[in-house]
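**Student:** One file is attached below, protein-v2.pdb, containing PDB, C-alpha atoms.
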MODEL        1
ATOM      1  CA  MET A 887       0.000   0.000   0.000
ATOM      2  CA  HIS A 888       1.398   3.388  -1.004
ATOM      3  CA  ASP A 889       1.683   6.347   1.371
ATOM      4  CA  PHE A 890      -1.143   8.227  -0.343
ATOM      5  CA  ASP A 891      -3.393   5.171  -0.073
ATOM      6  CA  LEU A 892      -2.700   5.085   3.667
ATOM      7  CA  PHE A 893      -3.573   8.782   3.873
ATOM      8  CA  VAL A 894      -6.897   8.141   2.102
ATOM      9  CA  LEU A 895      -7.578   5.221   4.445
ATOM     10  CA  ALA A 896      -6.751   7.421   7.467
ATOM     11  CA  ARG A 897      -9.089  10.166   6.224
ATOM     12  CA  THR A 898     -11.852   7.613   5.643
ATOM     13  CA  ILE A 899     -11.430   6.163   9.132
ATOM     14  CA  HIS A 900     -11.337   9.699  10.551
ATOM     15  CA  VAL A 901     -14.603  10.769   8.930
ATOM     16  CA  VAL A 902     -16.476   7.539   9.714
ATOM     17  CA  ALA A 903     -15.322   7.614  13.345
ATOM     18  CA  ILE A 904     -16.461  11.238  13.709
ATOM     19  CA  VAL A 905     -19.827  10.505  12.098
ATOM     20  CA  PHE A 906     -20.354   7.635  14.535
ATOM     21  CA  TRP A 907     -19.085   9.539  17.572
ATOM     22  CA  ILE A 908     -20.746  12.931  17.045
ATOM     23  CA  GLY A 909     -23.844  11.260  15.600
ATOM     24  CA  GLY A 910     -24.140   9.326  18.852
ATOM     25  CA  VAL A 911     -23.729  12.508  20.866
ATOM     26  CA  ALA A 912     -26.418  14.155  18.715
ATOM     27  CA  PHE A 913     -28.801  11.243  19.282
ATOM     28  CA  ILE A 914     -28.217  11.250  23.029
ATOM     29  CA  THR A 915     -28.597  15.029  23.237
ATOM     30  CA  THR A 916     -31.569  15.630  20.957
ATOM     31  CA  VAL A 917     -33.558  12.385  21.256
ATOM     32  CA  LEU A 918     -32.598  10.244  24.241
ATOM     33  CA  LEU A 919     -32.282  12.886  26.964
ATOM     34  CA  PRO A 920     -35.479  14.806  26.061
ATOM     35  CA  THR A 921     -37.432  11.533  25.819
ATOM     36  CA  ILE A 922     -36.165  10.262  29.158
ATOM     37  CA  ASN A 923     -36.967  13.654  30.677
ATOM     38  CA  LYS A 924     -40.594  13.496  29.499
ATOM     39  CA  VAL A 925     -41.376   9.816  29.924
ATOM     40  CA  VAL A 926     -39.436   8.527  32.913
ATOM     41  CA  ASP A 927     -40.061   9.298  36.583
ATOM     42  CA  LYS A 928     -37.592  11.915  37.799
ATOM     43  CA  GLU A 929     -36.066   9.524  40.332
ATOM     44  CA  GLN A 930     -35.397   6.890  37.675
ATOM     45  CA  ARG A 931     -34.289   8.998  34.703
ATOM     46  CA  VAL A 932     -30.650   9.358  35.747
ATOM     47  CA  LEU A 933     -30.357   5.619  36.331
ATOM     48  CA  LEU A 934     -31.948   4.826  32.977
ATOM     49  CA  PHE A 935     -29.661   7.295  31.230
ATOM     50  CA  GLU A 936     -26.644   5.741  32.929
ATOM     51  CA  GLN A 937     -27.670   2.260  31.740
ATOM     52  CA  LEU A 938     -28.250   3.360  28.153
ATOM     53  CA  GLU A 939     -25.236   5.645  27.937
ATOM     54  CA  HIS A 940     -22.974   2.926  29.329
ATOM     55  CA  LYS A 941     -23.717   0.817  26.255
ATOM     56  CA  PHE A 942     -22.614   3.686  23.986
ATOM     57  CA  ALA A 943     -19.498   4.565  26.026
ATOM     58  CA  TRP A 944     -17.317   1.820  24.534
ATOM     59  CA  HIS A 945     -18.398   2.782  21.026
ATOM     60  CA  ALA A 946     -17.557   6.418  21.788
ATOM     61  CA  LYS A 947     -14.169   5.445  23.217
ATOM     62  CA  LEU A 948     -13.320   3.416  20.131
ATOM     63  CA  ALA A 949     -14.488   6.221  17.829
ATOM     64  CA  THR A 950     -12.499   8.916  19.657
ATOM     65  CA  LEU A 951      -9.434   6.685  19.660
ATOM     66  CA  ALA A 952      -9.777   6.066  15.901
ATOM     67  CA  THR A 953     -10.324   9.798  15.361
ATOM     68  CA  GLY A 954      -7.200  10.712  17.315
ATOM     69  CA  VAL A 955      -4.927   8.148  15.664
ATOM     70  CA  SER A 956      -6.130   8.922  12.148
ATOM     71  CA  GLY A 957      -5.998  12.681  12.764
ATOM     72  CA  TYR A 958      -2.435  12.439  14.037
ATOM     73  CA  TYR A 959      -1.454  10.341  11.019
ATOM     74  CA  MET A 960      -2.957  12.863   8.587
ATOM     75  CA  LEU A 961      -1.242  15.828  10.267
ATOM     76  CA  ASP A 962       2.049  13.981  10.221
ATOM     77  CA  PHE A 963       1.649  12.802   6.618
ATOM     78  CA  LEU A 964       0.910  16.351   5.445
ATOM     79  CA  ASN A 965       3.545  17.785   7.794
ATOM     80  CA  ALA A 966       0.808  20.230   8.772
ATOM     81  CA  TRP A 967       1.792  20.894  12.370
ATOM     82  CA  GLN A 968       2.469  24.561  11.580
ATOM     83  CA  ARG A 969      -1.268  24.997  10.944
ATOM     84  CA  TYR A 970      -1.715  25.193  14.701
ATOM     85  CA  GLN A 971       0.146  28.517  14.496
ATOM     86  CA  GLU A 972      -2.091  29.989  11.795
ATOM     87  CA  LEU A 973      -5.416  31.642  12.616
ATOM     88  CA  GLN A 974      -7.015  30.578   9.330
ATOM     89  CA  TYR A 975      -6.952  27.001  10.637
ATOM     90  CA  TRP A 976      -9.103  27.849  13.674
ATOM     91  CA  TRP A 977     -11.217  24.800  12.882
ATOM     92  CA  LEU A 978      -8.196  22.529  13.397
ATOM     93  CA  HIS A 979      -7.751  24.015  16.859
ATOM     94  CA  LEU A 980     -11.454  23.521  17.585
ATOM     95  CA  MET A 981     -11.424  19.921  16.308
ATOM     96  CA  THR A 982      -8.458  19.149  18.533
ATOM     97  CA  PHE A 983     -10.106  20.887  21.503
ATOM     98  CA  VAL A 984     -13.333  18.882  21.060
ATOM     99  CA  TRP A 985     -11.350  15.661  20.741
ATOM    100  CA  LEU A 986      -9.364  16.499  23.887
ATOM    101  CA  ILE A 987     -12.494  17.270  25.907
ATOM    102  CA  PHE A 988     -14.221  14.024  24.936
ATOM    103  CA  SER A 989     -11.063  11.954  25.385
ATOM    104  CA  LEU A 990     -10.438  13.483  28.795
ATOM    105  CA  VAL A 991     -14.017  12.810  29.893
ATOM    106  CA  LEU A 992     -14.288   9.300  28.414
ATOM    107  CA  PHE A 993     -10.869   7.939  29.355
ATOM    108  CA  ILE A 994      -9.912   9.816  32.522
ATOM    109  CA  LEU A 995     -12.557  11.899  34.298
ATOM    110  CA  GLU A 996     -15.534   9.577  33.993
ATOM    111  CA  PRO A 997     -13.772   6.393  35.165
ATOM    112  CA  LEU A 998     -11.876   8.140  37.962
ATOM    113  CA  PHE A 999     -14.618  10.208  39.567
ATOM    114  CA  LEU A1000     -17.162  11.844  37.260
ATOM    115  CA  HIS A1001     -19.494   8.829  37.112
ATOM    116  CA  ARG A1002     -19.614   8.441  40.900
ATOM    117  CA  TRP A1003     -19.914  12.184  41.445
ATOM    118  CA  PHE A1004     -22.859  12.401  39.068
ATOM    119  CA  ILE A1005     -24.677   9.493  40.748
ATOM    120  CA  GLU A1006     -24.152  11.120  44.150
ATOM    121  CA  GLN A1007     -25.511  14.435  42.845
ATOM    122  CA  ALA A1008     -28.509  12.643  41.335
ATOM    123  CA  LYS A1009     -29.319  11.091  44.705
ATOM    124  CA  LYS A1010     -29.358  14.573  46.256
ATOM    125  CA  ASP A1011     -31.374  16.274  43.507
ATOM    126  CA  SER A1012     -32.306  14.192  40.467
ATOM    127  CA  ASN A1013     -33.984  17.065  38.656
ATOM    128  CA  LYS A1014     -31.024  19.423  38.998
ATOM    129  CA  SER A1015     -28.543  16.697  38.006
ATOM    130  CA  PHE A1016     -30.493  15.757  34.900
ATOM    131  CA  LYS A1017     -30.759  19.405  33.831
ATOM    132  CA  LEU A1018     -26.995  19.789  34.252
ATOM    133  CA  LEU A1019     -26.466  16.626  32.208
ATOM    134  CA  GLN A1020     -28.672  17.962  29.417
ATOM    135  CA  LYS A1021     -26.974  21.361  29.462
ATOM    136  CA  MET A1022     -23.493  19.830  29.227
ATOM    137  CA  HIS A1023     -24.568  17.609  26.335
ATOM    138  CA  TYR A1024     -26.020  20.594  24.442
ATOM    139  CA  ILE A1025     -22.799  22.557  24.949
ATOM    140  CA  LEU A1026     -20.637  19.649  23.803
ATOM    141  CA  LEU A1027     -22.875  18.960  20.815
ATOM    142  CA  SER A1028     -22.863  22.632  19.804
ATOM    143  CA  ILE A1029     -19.082  22.963  19.800
ATOM    144  CA  SER A1030     -18.798  19.570  18.074
ATOM    145  CA  ILE A1031     -21.102  20.684  15.257
ATOM    146  CA  LEU A1032     -19.176  23.942  14.918
ATOM    147  CA  ALA A1033     -15.954  21.928  14.669
ATOM    148  CA  VAL A1034     -17.446  19.671  11.981
ATOM    149  CA  VAL A1035     -18.748  22.641   9.970
ATOM    150  CA  GLY A1036     -15.399  24.395  10.297
ATOM    151  CA  ALA A1037     -13.428  21.283   9.369
ATOM    152  CA  VAL A1038     -15.493  20.478   6.296
ATOM    153  CA  GLY A1039     -15.423  24.067   5.071
ATOM    154  CA  GLY A1040     -11.835  24.703   6.106
ATOM    155  CA  SER A1041     -10.442  21.564   4.532
ATOM    156  CA  HIS A1042     -12.081  22.629   1.259
ATOM    157  CA  GLY A1043     -10.627  26.130   1.257
ATOM    158  CA  TYR A1044     -13.357  28.130   2.977
ATOM    159  CA  PHE A1045     -12.886  30.271   6.099
TER
ENDMDL
END
Represent the structure from my file as structure tokens, please.

**Tutor:**
Amino acid sequence: MHDFDLFVLARTIHVVAIVFWIGGVAFITTVLLPTINKVVDKEQRVLLFEQLEHKFAWHAKLATLATGVSGYYMLDFLNAWQRYQELQYWWLHLMTFVWLIFSLVLFILEPLFLHRWFIEQAKKDSNKSFKLLQKMHYILLSISILAVVGAVGGSHGYF
């Protein structure tokens, strides 16, 4: 396999992983959380969300890992590291920032303490905890969509 073929494969993996990852975040944010909020008893909604989200967590971890590895490969292949110093590539900074946030949450913060902390908060005030959960998901989804829009446009010469 030639170097350019590997680059194309890396870009393909990158895009598919992002579609899966951010698509999952979009589903959780815009469909799952609002439905749970309307249908499920307030004392049970956090537990139900935890059960359902746990099933997606491994998929999200795999997708963010594939995104990071393929993104690194593409930057290295193109020798594009200097783009981090150029304002016109703001979308590259945002993509990296989004990836770092999700990776930090999925691989470090959630396993170490975030999961337990959230359950403890939900026991104190389920309504408040669920609203915080929804708010955080909307923020993460919003910056993720902005990163995707910027990356698609920016990689095709816009912005």

**Student:** Please compute the atom CA of A:Pro997-atom CA of A:Leu1026 distance, one decimal, in Å.

**Tutor:** 18.8 Å

**Student:** Set the distance at 12 Å and use only C-alpha atoms: which residues neighbour stretch 942-958 of chain A once local chain neighbours fewer than 4 positions away are removed? I'd like the list as an MDAnalysis selection string.

**Tutor:** chainID A and resid 892:911 913:914 918 935:938 962:967 978 981:994 996:997 1001 1037

**Student:** So how many Å separate atom CA of A:Ala1033 and atom CA of A:Thr916, to one decimal?

**Tutor:** 18.0 Å

**Student:** Just give me the gap between atom CA of A:Met960 and atom CA of A:His888 in Å, one decimal is fine.

**Tutor:**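 Result for atom CA of A:Met960 versus atom CA of A:His888: 14.2 Å, one decimal.
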
**Student:** Can you pull out the residues contacting A:Phe1004? Cut-off 12 Å, using all atoms listed in the file, and skip same-chain residues under 2 positions away; I want them as a PyMOL selection string.

**Tutor:** chain A and resi 932-933+935-936+995-1002+1006-1012+1014-1019

**Student:** So which one's closest to A:Leu934, A:Val1035, A:His979, A:Thr921, A:Tyr1024? Using only C-alpha atoms, please.

**Tutor:**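 With only C-alpha atoms as the atom set, the closest residue is A:Thr921.
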